[in-house]
$ cat structure22.txt   # compact mmCIF, C-alpha atoms and all ligand atoms
# COMPACT_ATOMS: atom_id res chain seq x y z
CA MET A 13 0.00 0.00 0.00
CA ARG A 14 1.14 3.53 -0.70
CA LEU A 15 -0.22 6.56 1.07
CA PHE A 16 -0.30 8.55 -2.10
CA SER A 17 -3.81 9.84 -2.53
CA ILE A 18 -2.56 13.41 -2.76
CA LYS A 19 -0.94 14.46 -5.97
CA ARG A 20 2.46 15.84 -5.18
CA PHE A 21 3.23 18.97 -7.11
CA ILE A 22 6.85 19.06 -5.98
CA HIS A 23 8.78 16.19 -7.41
CA TYR A 24 12.39 17.22 -7.27
CA TRP A 25 13.02 15.78 -3.84
CA MET A 26 11.56 12.39 -4.52
CA LEU A 27 14.15 9.65 -4.57
CA SER A 28 15.38 8.95 -8.06
CA LYS A 29 15.12 5.38 -9.29
CA SER A 30 18.85 4.82 -8.83
CA ASP A 31 18.83 6.30 -5.29
CA LEU A 32 15.86 4.13 -4.42
CA GLU A 33 17.74 1.07 -5.65
CA LYS A 34 20.84 2.09 -3.67
CA ILE A 35 18.79 2.55 -0.52
CA LYS A 36 16.99 -0.76 -1.00
CA LEU A 37 20.33 -2.51 -1.36
CA VAL A 38 21.62 -1.20 1.96
CA ILE A 39 18.44 -1.35 4.05
CA THR A 40 18.75 -5.09 4.57
CA PRO A 41 19.09 -7.34 7.63
CA GLY A 42 22.41 -6.88 9.40
CA THR A 43 23.22 -3.42 7.99
CA LYS A 44 24.72 -1.20 10.67
CA VAL A 45 23.17 2.24 10.71
CA VAL A 46 24.02 5.41 12.60
CA ILE A 47 21.39 8.14 12.71
CA SER A 48 22.65 11.56 13.67
CA THR A 49 20.90 14.85 14.34
CA HIS A 50 21.67 18.43 15.34
CA LYS A 51 22.87 20.12 18.54
CA SER A 52 20.18 21.12 21.09
CA PRO A 53 17.89 18.55 19.51
CA ASP A 54 14.21 19.49 19.28
CA GLY A 55 11.05 17.43 18.92
CA ASP A 56 11.49 17.07 15.17
CA ALA A 57 15.15 16.01 15.46
CA ILE A 58 14.40 13.31 18.03
CA GLY A 59 10.99 12.32 16.67
CA SER A 60 12.29 11.82 13.13
CA SER A 61 15.46 10.02 14.31
CA CYS A 62 13.57 7.60 16.56
CA ALA A 63 10.91 6.93 13.91
CA LEU A 64 13.59 6.12 11.33
CA ALA A 65 15.48 3.89 13.78
CA MET A 66 12.36 1.92 14.69
CA TYR A 67 11.49 1.48 11.01
CA LEU A 68 15.01 0.39 10.03
CA GLU A 69 15.11 -2.11 12.89
CA LYS A 70 11.93 -3.66 11.52
CA LYS A 71 13.87 -4.12 8.28
CA GLY A 72 16.55 -5.96 10.26
CA CYS A 73 19.13 -3.15 10.43
CA ILE A 74 21.14 -2.55 13.59
CA CYS A 75 20.64 1.11 14.56
CA SER A 76 22.24 3.65 16.84
CA ILE A 77 21.16 7.26 17.23
CA VAL A 78 23.85 9.76 18.19
CA VAL A 79 22.97 13.31 19.29
CA PRO A 80 25.68 15.90 20.01
CA ASP A 81 24.36 17.04 23.41
CA ALA A 82 21.70 16.39 26.04
CA LEU A 83 17.98 16.11 25.32
CA ALA A 84 15.36 18.17 27.15
CA ASP A 85 13.39 15.87 29.49
CA PHE A 86 10.07 16.01 27.63
CA LEU A 87 11.69 14.47 24.56
CA TYR A 88 12.10 11.19 26.47
CA PHE A 89 8.39 10.57 25.87
CA ILE A 90 9.32 9.63 22.30
CA PRO A 91 9.56 5.85 21.87
CA TYR A 92 13.14 4.59 21.41
CA SER A 93 14.65 7.83 22.80
CA ASN A 94 16.00 6.00 25.88
CA LYS A 95 18.48 4.25 23.57
CA ILE A 96 19.99 7.47 22.23
CA ILE A 97 23.75 7.95 22.60
CA VAL A 98 24.59 11.47 23.76
CA PHE A 99 27.99 12.28 22.24
CA ASP A 100 28.98 14.69 25.05
CA LYS A 101 28.59 11.97 27.65
CA MET A 102 29.39 8.79 25.71
CA GLU A 103 31.99 9.82 23.17
CA ALA A 104 33.77 6.46 23.03
CA ARG A 105 30.52 4.59 22.35
CA ALA A 106 29.52 7.11 19.66
CA LYS A 107 32.89 6.72 17.92
CA GLU A 108 32.63 2.95 18.09
CA VAL A 109 29.19 2.76 16.43
CA LEU A 110 30.25 5.25 13.78
CA SER A 111 33.43 3.42 12.82
CA ASP A 112 31.42 0.20 12.69
CA SER A 113 28.62 1.63 10.54
CA ASP A 114 27.70 0.93 6.92
CA VAL A 115 25.31 3.86 6.56
CA VAL A 116 25.02 7.23 8.29
CA PHE A 117 21.76 9.17 8.13
CA SER A 118 21.80 12.90 8.86
CA LEU A 119 18.40 14.07 10.01
CA ASP A 120 17.02 17.58 10.48
CA TYR A 121 20.25 19.41 9.61
CA ASN A 122 22.09 19.98 6.37
CA ASP A 123 25.51 21.17 7.48
CA LEU A 124 27.79 18.90 9.50
CA LYS A 125 28.73 21.90 11.65
CA ARG A 126 25.27 21.60 13.22
CA ALA A 127 26.26 18.19 14.60
CA GLY A 128 29.30 19.59 16.47
CA SER A 129 32.41 17.41 16.86
CA PHE A 130 30.41 14.34 15.85
CA GLY A 131 29.83 16.08 12.50
CA ASP A 132 33.63 16.23 11.94
CA LEU A 133 33.79 12.48 12.50
CA ILE A 134 30.94 11.90 10.05
CA ALA A 135 32.81 13.97 7.45
CA ASP A 136 35.76 11.56 7.73
CA SER A 137 33.60 8.44 7.76
CA LYS A 138 33.59 6.12 4.73
CA SER A 139 29.98 5.01 5.34
CA LEU A 140 27.24 5.76 2.82
CA LYS A 141 25.78 9.15 3.75
CA VAL A 142 22.09 9.87 3.47
CA LEU A 143 20.55 13.26 4.17
CA ILE A 144 16.89 13.61 5.18
CA ASP A 145 16.14 17.24 5.92
CA HIS A 146 13.97 20.30 5.32
CA HIS A 147 16.34 23.26 5.85
CA GLU A 148 17.31 25.64 3.08
CA GLU A 149 20.70 26.00 1.44
CA PRO A 150 22.23 22.58 2.11
CA ASN A 151 25.96 22.39 2.69
CA TYR A 152 26.39 18.64 2.89
CA GLU A 153 28.46 16.19 0.93
CA GLY A 154 26.49 12.99 0.88
CA ASP A 155 25.55 10.11 -1.36
CA ILE A 156 21.77 10.29 -1.23
CA TYR A 157 19.65 13.38 -0.63
CA PHE A 158 16.05 13.34 0.46
CA ASN A 159 15.50 16.97 1.24
CA ASP A 160 12.69 19.41 0.68
CA PRO A 161 12.83 22.92 2.15
CA THR A 162 9.09 23.33 1.58
CA CYS A 163 8.30 20.40 3.85
CA CYS A 164 7.12 21.31 7.36
CA SER A 165 9.32 18.85 9.21
CA THR A 166 11.89 16.11 8.91
CA ALA A 167 9.35 13.86 10.63
CA GLN A 168 7.06 14.23 7.60
CA LEU A 169 9.98 13.45 5.28
CA VAL A 170 10.74 10.28 7.27
CA PHE A 171 7.15 9.19 6.73
CA ASP A 172 7.50 9.96 3.01
CA PHE A 173 10.80 8.08 2.93
CA ILE A 174 9.08 4.99 4.36
CA ASP A 175 6.28 5.52 1.85
CA GLU A 176 8.75 5.77 -1.06
CA LEU A 177 10.13 2.41 0.05
CA ASN A 178 6.58 1.01 -0.04
CA ASP A 179 6.65 0.12 3.65
CA ILE A 180 3.66 1.97 5.14
CA GLU A 181 2.50 -1.31 6.67
CA LEU A 182 5.56 -1.26 8.93
CA VAL A 183 4.50 2.02 10.54
CA ASP A 184 3.15 1.03 13.96
CA ILE A 185 1.92 3.12 16.90
CA PRO A 186 5.39 3.89 18.36
CA ILE A 187 6.63 5.07 14.95
CA ALA A 188 3.44 7.12 14.49
CA GLU A 189 3.92 8.70 17.94
CA ALA A 190 7.50 9.68 17.12
CA ILE A 191 6.50 11.21 13.76
CA TYR A 192 3.47 12.96 15.27
CA PHE A 193 5.69 14.44 18.01
CA GLY A 194 7.99 15.92 15.34
CA LEU A 195 5.05 17.21 13.31
CA ILE A 196 3.48 19.05 16.27
CA THR A 197 6.70 20.65 17.49
CA ASP A 198 7.97 21.81 14.09
CA THR A 199 4.65 23.26 12.92
CA GLY A 200 3.56 25.15 16.06
CA SER A 201 0.75 22.59 16.42
CA PHE A 202 -0.08 22.54 12.69
CA ARG A 203 -0.38 26.27 12.22
CA PHE A 204 2.70 27.25 10.19
CA PRO A 205 2.28 27.92 6.45
CA SER A 206 4.45 24.89 5.67
CA VAL A 207 1.68 22.53 6.83
CA ASN A 208 -0.08 21.05 3.81
CA GLU A 209 -2.69 18.46 2.83
CA ARG A 210 -0.04 15.80 3.01
CA THR A 211 0.60 16.59 6.70
CA HIS A 212 -3.05 16.06 7.54
CA GLU A 213 -3.29 13.02 5.28
CA ILE A 214 -0.48 11.41 7.29
CA ILE A 215 -2.21 12.31 10.57
CA ALA A 216 -5.52 10.90 9.30
CA HIS A 217 -3.67 7.68 8.57
CA PHE A 218 -2.26 7.64 12.13
CA LEU A 219 -5.70 8.21 13.65
CA LYS A 220 -7.13 5.35 11.59
CA MET A 221 -4.36 3.20 13.07
CA GLY A 222 -5.48 4.21 16.56
CA LEU A 223 -2.85 6.76 17.54
CA ALA A 224 -3.77 8.44 20.86
CA HIS A 225 -2.87 11.91 19.58
CA PHE A 226 -3.90 13.60 22.87
CA LYS A 227 -1.22 11.74 24.79
CA VAL A 228 1.44 13.22 22.53
CA HIS A 229 0.04 16.73 23.02
CA GLU A 230 0.01 16.20 26.78
CA ALA A 231 3.63 15.05 26.73
CA ILE A 232 4.65 18.18 24.84
CA PHE A 233 2.55 20.87 26.50
CA ASP A 234 1.57 19.71 29.99
CA HIS A 235 4.90 19.37 31.70
CA ASN A 236 5.32 22.79 33.27
CA SER A 237 7.05 23.23 36.59
CA MET A 238 6.06 26.11 38.90
CA ASN A 239 9.40 27.74 38.13
CA ARG A 240 8.87 27.51 34.42
CA LEU A 241 5.37 28.92 34.55
CA GLN A 242 6.52 31.80 36.78
CA LEU A 243 9.54 32.52 34.58
CA ASN A 244 7.20 32.70 31.58
CA GLY A 245 4.85 35.01 33.48
CA PHE A 246 7.74 37.24 34.49
CA ALA A 247 9.07 37.38 30.92
CA VAL A 248 5.70 38.40 29.53
CA SER A 249 4.94 41.01 32.20
CA GLU A 250 8.43 42.52 32.66
CA ARG A 251 10.51 41.75 29.59
CA LEU A 252 8.26 42.22 26.59
CA GLU A 253 8.51 45.18 24.22
CA LEU A 254 6.86 46.26 21.00
CA LEU A 255 8.60 47.98 18.09
CA GLU A 256 7.70 49.35 14.67
CA ASN A 257 4.13 50.37 15.54
CA GLY A 258 3.39 47.00 17.05
CA ARG A 259 4.52 44.90 14.09
CA VAL A 260 7.56 43.54 15.94
CA ALA A 261 7.69 42.17 19.50
CA PHE A 262 10.57 40.87 21.51
CA ILE A 263 11.24 39.30 24.90
CA TRP A 264 14.57 39.15 26.66
CA LEU A 265 15.88 37.36 29.73
CA LYS A 266 19.13 38.10 31.50
CA GLU A 267 21.17 35.54 33.33
CA GLU A 268 19.95 36.81 36.70
CA ASP A 269 16.32 36.33 35.57
CA LEU A 270 17.08 32.73 34.64
CA HIS A 271 18.77 32.17 38.02
CA ARG A 272 15.90 33.75 39.91
CA PHE A 273 13.49 31.11 38.57
CA SER A 274 16.07 28.28 38.54
CA ALA A 275 15.54 27.92 34.79
CA GLU A 276 16.31 24.54 33.31
CA LYS A 277 16.98 23.55 29.73
CA GLY A 278 13.79 24.02 27.73
CA ASP A 279 12.09 26.36 30.23
CA THR A 280 12.15 29.28 27.80
CA GLU A 281 10.97 27.17 24.86
CA GLY A 282 7.94 28.73 23.21
CA LEU A 283 8.34 32.19 24.76
CA VAL A 284 9.03 33.67 21.34
CA ASN A 285 5.63 32.38 20.18
CA LYS A 286 3.93 34.25 23.03
CA ALA A 287 5.40 37.47 21.63
CA LEU A 288 4.23 36.46 18.15
CA SER A 289 0.71 35.83 19.43
CA ILE A 290 0.03 39.53 20.03
CA SER A 291 -2.52 40.90 17.61
CA GLY A 292 -0.79 42.82 14.81
CA VAL A 293 2.67 41.39 15.49
CA GLU A 294 4.25 39.93 12.37
CA MET A 295 7.66 39.10 13.71
CA ALA A 296 9.00 38.21 17.14
CA ALA A 297 12.38 37.65 18.74
CA PHE A 298 13.55 36.17 22.01
CA PHE A 299 16.95 37.00 23.54
CA ARG A 300 18.49 34.93 26.30
CA SER A 301 21.87 35.41 28.00
CA ALA A 302 23.86 32.20 28.03
CA LYS A 303 27.37 32.27 29.51
CA GLU A 304 29.51 34.48 27.26
CA MET A 305 26.87 34.93 24.60
CA VAL A 306 23.28 35.77 23.78
CA LYS A 307 21.09 33.17 22.10
CA ILE A 308 18.31 34.40 19.88
CA SER A 309 15.14 32.86 18.42
CA PHE A 310 13.19 34.52 15.63
CA ARG A 311 9.67 33.79 14.41
CA SER A 312 7.58 35.36 11.70
CA LYS A 313 4.10 34.96 10.33
CA GLY A 314 4.28 37.59 7.63
CA SER A 315 6.50 38.92 4.91
CA ILE A 316 9.65 39.16 7.04
CA PHE A 317 11.91 36.20 6.36
CA VAL A 318 13.73 35.71 9.63
CA ASN A 319 16.34 33.31 8.23
CA GLU A 320 17.77 36.27 6.27
CA LEU A 321 17.83 38.54 9.32
CA ALA A 322 19.46 35.80 11.41
CA ARG A 323 22.02 34.99 8.75
CA ASP A 324 22.94 38.57 7.86
CA HIS A 325 23.20 40.00 11.36
CA PHE A 326 23.23 37.32 14.06
CA ASN A 327 25.47 34.41 12.92
CA GLY A 328 22.48 32.19 12.40
CA GLY A 329 19.95 30.87 9.96
CA GLY A 330 16.99 28.54 9.69
CA HIS A 331 13.66 28.74 7.96
CA LYS A 332 11.73 31.73 6.61
CA TYR A 333 9.34 31.67 9.55
CA ALA A 334 11.55 30.23 12.31
CA ALA A 335 15.25 30.89 12.72
CA GLY A 336 17.92 31.18 15.36
CA GLY A 337 21.10 33.13 15.93
CA SER A 338 23.59 34.28 18.52
CA SER A 339 25.68 37.26 19.49
CA GLU A 340 28.86 37.69 21.47
CA GLU A 341 27.97 41.21 22.52
CA THR A 342 26.11 41.93 25.75
CA ILE A 343 22.36 41.44 25.77
CA ASN A 344 21.78 45.23 25.82
CA GLU A 345 24.09 45.73 22.83
CA THR A 346 22.47 42.84 21.01
CA ILE A 347 19.00 44.27 21.52
CA ALA A 348 20.16 47.73 20.41
CA LYS A 349 21.55 46.18 17.23
CA PHE A 350 18.31 44.27 16.67
CA LYS A 351 16.22 47.45 17.02
CA LYS A 352 18.37 49.07 14.35
CA VAL A 353 18.56 46.26 11.80
CA VAL A 354 14.94 45.17 12.09
CA GLN A 355 13.89 48.46 10.50
CA LYS A 356 15.31 47.23 7.20
CA TYR A 357 13.02 44.21 7.22
CA VAL A 358 9.61 45.56 8.23
MN MN A 401 12.97 20.28 11.77
$ encode --input "structure22.txt" --output "structure tokens" --more "lines below"
Ligand SMILES: [Mn+2]
Amino acid sequence: MRLFSIKRFIHYWMLSKSDLEKIKLVITPGTKVVISTHKSPDGDAIGSSCALAMYLEKKGCICSIVVPDALADFLYFIPYSNKIIVFDKMEARAKEVLSDSDVVFSLDYNDLKRAGSFGDLIADSKSLKVLIDHHEEPNYEGDIYFNDPTCCSTAQLVFDFIDELNDIELVDIPIAEAIYFGLITDTGSFRFPSVNERTHEIIAHFLKMGLAHFKVHEAIFDHNSMNRLQLNGFAVSERLELLENGRVAFIWLKEEDLHRFSAEKGDTEGLVNKALSISGVEMAAFFRSAKEMVKISFRSKGSIFVNELARDHFNGGGHKYAAGGSSEETINETIAKFKKVVQKYV
């Protein structure tokens, strides 16, 4: 069975016949596979990686997932995530599985720099390299590319990859949960413009299978601590500003703010979307002091392409509607620079 009821108008990213044959030749029992994803992995990175690993294991492959650094706690809801090798903590094990591998998949990033030191090791590896990703402007030397910058998530591409290989029957509830997790987190709960009929077609298929979609939503959104909720409240009431006649909003948090609420990894996740939710706001930014630098998230729902702003002024990049960057100046200097450069984009 193929899940192909929707005519695809974009064909360039579909696997060519020869790539499909290559993939079929390697996805066989006993093949050793390493799946790698980007630093500070998000729901899409972990959801797509775990879904692919579970699928490949059903095909008889021996899989390892390696992530550069630690996962936020809520990501451990995703089936298979407890088997992930965190490179920072288990470097020797990560090196061992890589040197033993036949195939390396790179998921949800398209530049080995995004995988940190593990990316350098992948660059030197002789294994077959397969990219599955949805970021723009790839900078990746691989053997097989399955990338589509118009696709909402790598999780959706993993589903399509399984579909291309005619293996929809192998998608079970754990695989569906992992893909659904990635879909929710990379689409702002199915609201970004990149969501299409295909996204909902895949979800309809999952619901027919019996996926308990509400459990996945709960795992993503209902895991606040008191500290996190209060930090978010503080940020919105004390650290939110509007610019450009209300078309731009930003939130910032200094290190002392984060200390005050004992902020943990992931506690500021989603704050930028709160700024974007204000009526009339087309673009939002979130600035957070982190050691010697400032980390920045950008979101847009209008004509401002935040990947350009992030790339041209804040050492970053990403998608048109969601991007990230950083600055080595102080948070006050960074915000002053932002106020100046944003005028060119609105
Ligand atoms: Mn993604």
$ closest_residue --input "structure22.txt" --among "A:Glu340, A:Asp31, A:Glu320, A:Asp234" --to "A:Glu176" --atoms "only C-alpha atoms"
A:Asp31
$ residues_around --input "structure22.txt" --residues "A:Pro53" --least-positions-apart "4" --cutoff "9 Å" --atoms "all atoms listed in the file" --output "VMD selection string"
chain A and resid 49 57 to 58 79 to 84 87
$ atom_distance --input "structure22.txt" --atom1 "atom MN of ligand MN 401 (chain A)" --atom2 "atom CA of A:Asn208"
15.3 Å
$ residues_near_ligand --input "structure22.txt" --ligand "ligand MN 401 (chain A)" --cutoff "8 Å" --atoms "all atoms listed in the file" --output "VMD selection string"
chain A and resid 54 to 57 120 to 121 145 to 147 164 to 167 194 198
$ residues_around --input "structure22.txt" --residues "A:Glu148" --least-positions-apart "2" --cutoff "12 Å" --atoms "only C-alpha atoms" --output "short mmCIF file (atom, residue, chain, number, x, y, z; two decimals) with C-alpha atoms, in the frame of the given file"
data_model
loop_
_atom_site.label_atom_id
_atom_site.label_comp_id
_atom_site.auth_asym_id
_atom_site.auth_seq_id
_atom_site.Cartn_x
_atom_site.Cartn_y
_atom_site.Cartn_z
CA ASP A 120 17.02 17.58 10.48
CA TYR A 121 20.25 19.41 9.61
CA ASN A 122 22.09 19.98 6.37
CA ASP A 123 25.51 21.17 7.48
CA ASP A 145 16.14 17.24 5.92
CA HIS A 146 13.97 20.30 5.32
CA PRO A 150 22.23 22.58 2.11
CA ASN A 151 25.96 22.39 2.69
CA TYR A 152 26.39 18.64 2.89
CA ASN A 159 15.50 16.97 1.24
CA ASP A 160 12.69 19.41 0.68
CA PRO A 161 12.83 22.92 2.15
CA THR A 162 9.09 23.33 1.58
CA CYS A 163 8.30 20.40 3.85
CA CYS A 164 7.12 21.31 7.36
CA ASN A 319 16.34 33.31 8.23
CA GLU A 320 17.77 36.27 6.27
CA ARG A 323 22.02 34.99 8.75
CA GLY A 329 19.95 30.87 9.96
CA GLY A 330 16.99 28.54 9.69
CA HIS A 331 13.66 28.74 7.96
CA LYS A 332 11.73 31.73 6.61
CA TYR A 333 9.34 31.67 9.55
CA ALA A 334 11.55 30.23 12.31
CA ALA A 335 15.25 30.89 12.72
#
$ residues_around --input "structure22.txt" --residues "A:Phe89" --least-positions-apart "2" --cutoff "10 Å" --atoms "all atoms listed in the file" --output "PyMOL selection string"
chain A and resi 59+85-87+91-94+189-190+193+227-228+231-232
$ closest_residue --input "structure22.txt" --among "A:Val38, A:Glu304, A:Phe171, A:Val293" --to "A:Leu195" --atoms "all atoms listed in the file"
A:Phe171
$ closest_residue --input "structure22.txt" --among "A:Val260, A:Arg240, A:Ala224, A:Arg300" --to "A:Arg272" --atoms "all atoms listed in the file"
A:Arg240
$ atom_distance --input "structure22.txt" --atom1 "atom CA of A:Ser339" --atom2 "atom CA of A:Met305"
5.7 Å
$ residues_around --input "structure22.txt" --residues "A:Ile96" --least-positions-apart "5" --cutoff "9 Å" --atoms "only C-alpha atoms" --output "JSON, numbers by chain"
{"A": [62, 76, 77, 78, 79]}
$ residues_around --input "structure22.txt" --residues "A:Lys138" --least-positions-apart "5" --cutoff "12 Å" --atoms "only C-alpha atoms" --output "PyMOL selection string"
chain A and resi 110-116+133+153-155
$ write_last_selection --input "structure22.txt" --atoms "C-alpha atoms" --output "JSON list (two decimals), in the coordinates of the input"
[["chain", "number", "residue", "atom", "x", "y", "z"],
["A", 110, "LEU", "CA", 30.25, 5.25, 13.78],
["A", 111, "SER", "CA", 33.43, 3.42, 12.82],
["A", 112, "ASP", "CA", 31.42, 0.20, 12.69],
["A", 113, "SER", "CA", 28.62, 1.63, 10.54],
["A", 114, "ASP", "CA", 27.70, 0.93, 6.92],
["A", 115, "VAL", "CA", 25.31, 3.86, 6.56],
["A", 116, "VAL", "CA", 25.02, 7.23, 8.29],
["A", 133, "LEU", "CA", 33.79, 12.48, 12.50],
["A", 153, "GLU", "CA", 28.46, 16.19, 0.93],
["A", 154, "GLY", "CA", 26.49, 12.99, 0.88],
["A", 155, "ASP", "CA", 25.55, 10.11, -1.36]]
$ atom_distance --input "structure22.txt" --atom1 "atom CA of A:Ala287" --atom2 "atom CA of A:Phe262"
6.2 Å
$ closest_residue --input "structure22.txt" --among "A:Lys356, A:Lys36, A:Arg311, A:Lys101" --to "A:Asn178" --atoms "only C-alpha atoms"
A:Lys36
$ closest_residue --input "structure22.txt" --among "A:Leu241, A:Leu219, A:Val353, A:Leu143" --to "A:Glu281" --atoms "all atoms listed in the file"
A:Leu241
$ build_atoms --input "structure22.txt" --residues "stretch 159-183 of chain A" --atoms "N, CA and C atoms" --output "compact mmCIF listing (two decimals), keeping the file's coordinate frame"
# COMPACT_ATOMS: atom_id res chain seq x y z
N ASN A 159 15.73 15.71 0.54
CA ASN A 159 15.50 16.97 1.24
C ASN A 159 14.51 17.84 0.49
N ASP A 160 13.72 18.56 1.25
CA ASP A 160 12.69 19.41 0.68
C ASP A 160 12.45 20.59 1.61
N PRO A 161 12.98 21.77 1.26
CA PRO A 161 12.83 22.92 2.15
C PRO A 161 11.38 23.40 2.28
N THR A 162 10.49 22.92 1.42
CA THR A 162 9.09 23.33 1.58
C THR A 162 8.34 22.42 2.54
N CYS A 163 8.98 21.34 2.95
CA CYS A 163 8.30 20.40 3.85
C CYS A 163 8.33 20.94 5.29
N CYS A 164 7.24 20.71 6.03
CA CYS A 164 7.12 21.31 7.36
C CYS A 164 8.07 20.73 8.38
N SER A 165 8.52 19.50 8.17
CA SER A 165 9.32 18.85 9.21
C SER A 165 10.09 17.67 8.63
N THR A 166 11.16 17.31 9.31
CA THR A 166 11.89 16.11 8.91
C THR A 166 11.06 14.87 9.23
N ALA A 167 10.23 14.98 10.28
CA ALA A 167 9.35 13.86 10.63
C ALA A 167 8.45 13.49 9.44
N GLN A 168 7.90 14.51 8.77
CA GLN A 168 7.06 14.23 7.60
C GLN A 168 7.88 13.58 6.50
N LEU A 169 9.12 14.04 6.31
CA LEU A 169 9.98 13.45 5.28
C LEU A 169 10.32 12.00 5.61
N VAL A 170 10.47 11.68 6.90
CA VAL A 170 10.74 10.28 7.27
C VAL A 170 9.55 9.41 6.89
N PHE A 171 8.34 9.94 7.14
CA PHE A 171 7.15 9.19 6.73
C PHE A 171 7.16 8.99 5.22
N ASP A 172 7.47 10.05 4.47
CA ASP A 172 7.50 9.96 3.01
C ASP A 172 8.59 8.99 2.53
N PHE A 173 9.70 8.99 3.25
CA PHE A 173 10.80 8.08 2.93
C PHE A 173 10.33 6.63 3.05
N ILE A 174 9.62 6.34 4.14
CA ILE A 174 9.08 4.99 4.36
C ILE A 174 8.07 4.66 3.26
N ASP A 175 7.28 5.69 2.90
CA ASP A 175 6.28 5.52 1.85
C ASP A 175 6.95 5.23 0.50
N GLU A 176 8.01 5.98 0.20
CA GLU A 176 8.75 5.77 -1.06
C GLU A 176 9.27 4.33 -1.13
N LEU A 177 9.61 3.78 0.02
CA LEU A 177 10.13 2.41 0.05
C LEU A 177 9.00 1.38 0.15
N ASN A 178 7.75 1.90 0.01
CA ASN A 178 6.58 1.01 -0.04
C ASN A 178 6.38 0.22 1.26
N ASP A 179 6.67 0.83 2.38
CA ASP A 179 6.65 0.12 3.65
C ASP A 179 5.67 0.70 4.67
N ILE A 180 4.62 1.37 4.21
CA ILE A 180 3.66 1.97 5.14
C ILE A 180 3.15 0.97 6.17
N GLU A 181 3.02 -0.28 5.75
CA GLU A 181 2.50 -1.31 6.67
C GLU A 181 3.38 -1.46 7.91
N LEU A 182 4.65 -1.10 7.79
CA LEU A 182 5.56 -1.26 8.93
C LEU A 182 5.41 -0.14 9.96
N VAL A 183 4.68 0.91 9.60
CA VAL A 183 4.50 2.02 10.54
C VAL A 183 3.51 1.57 11.61
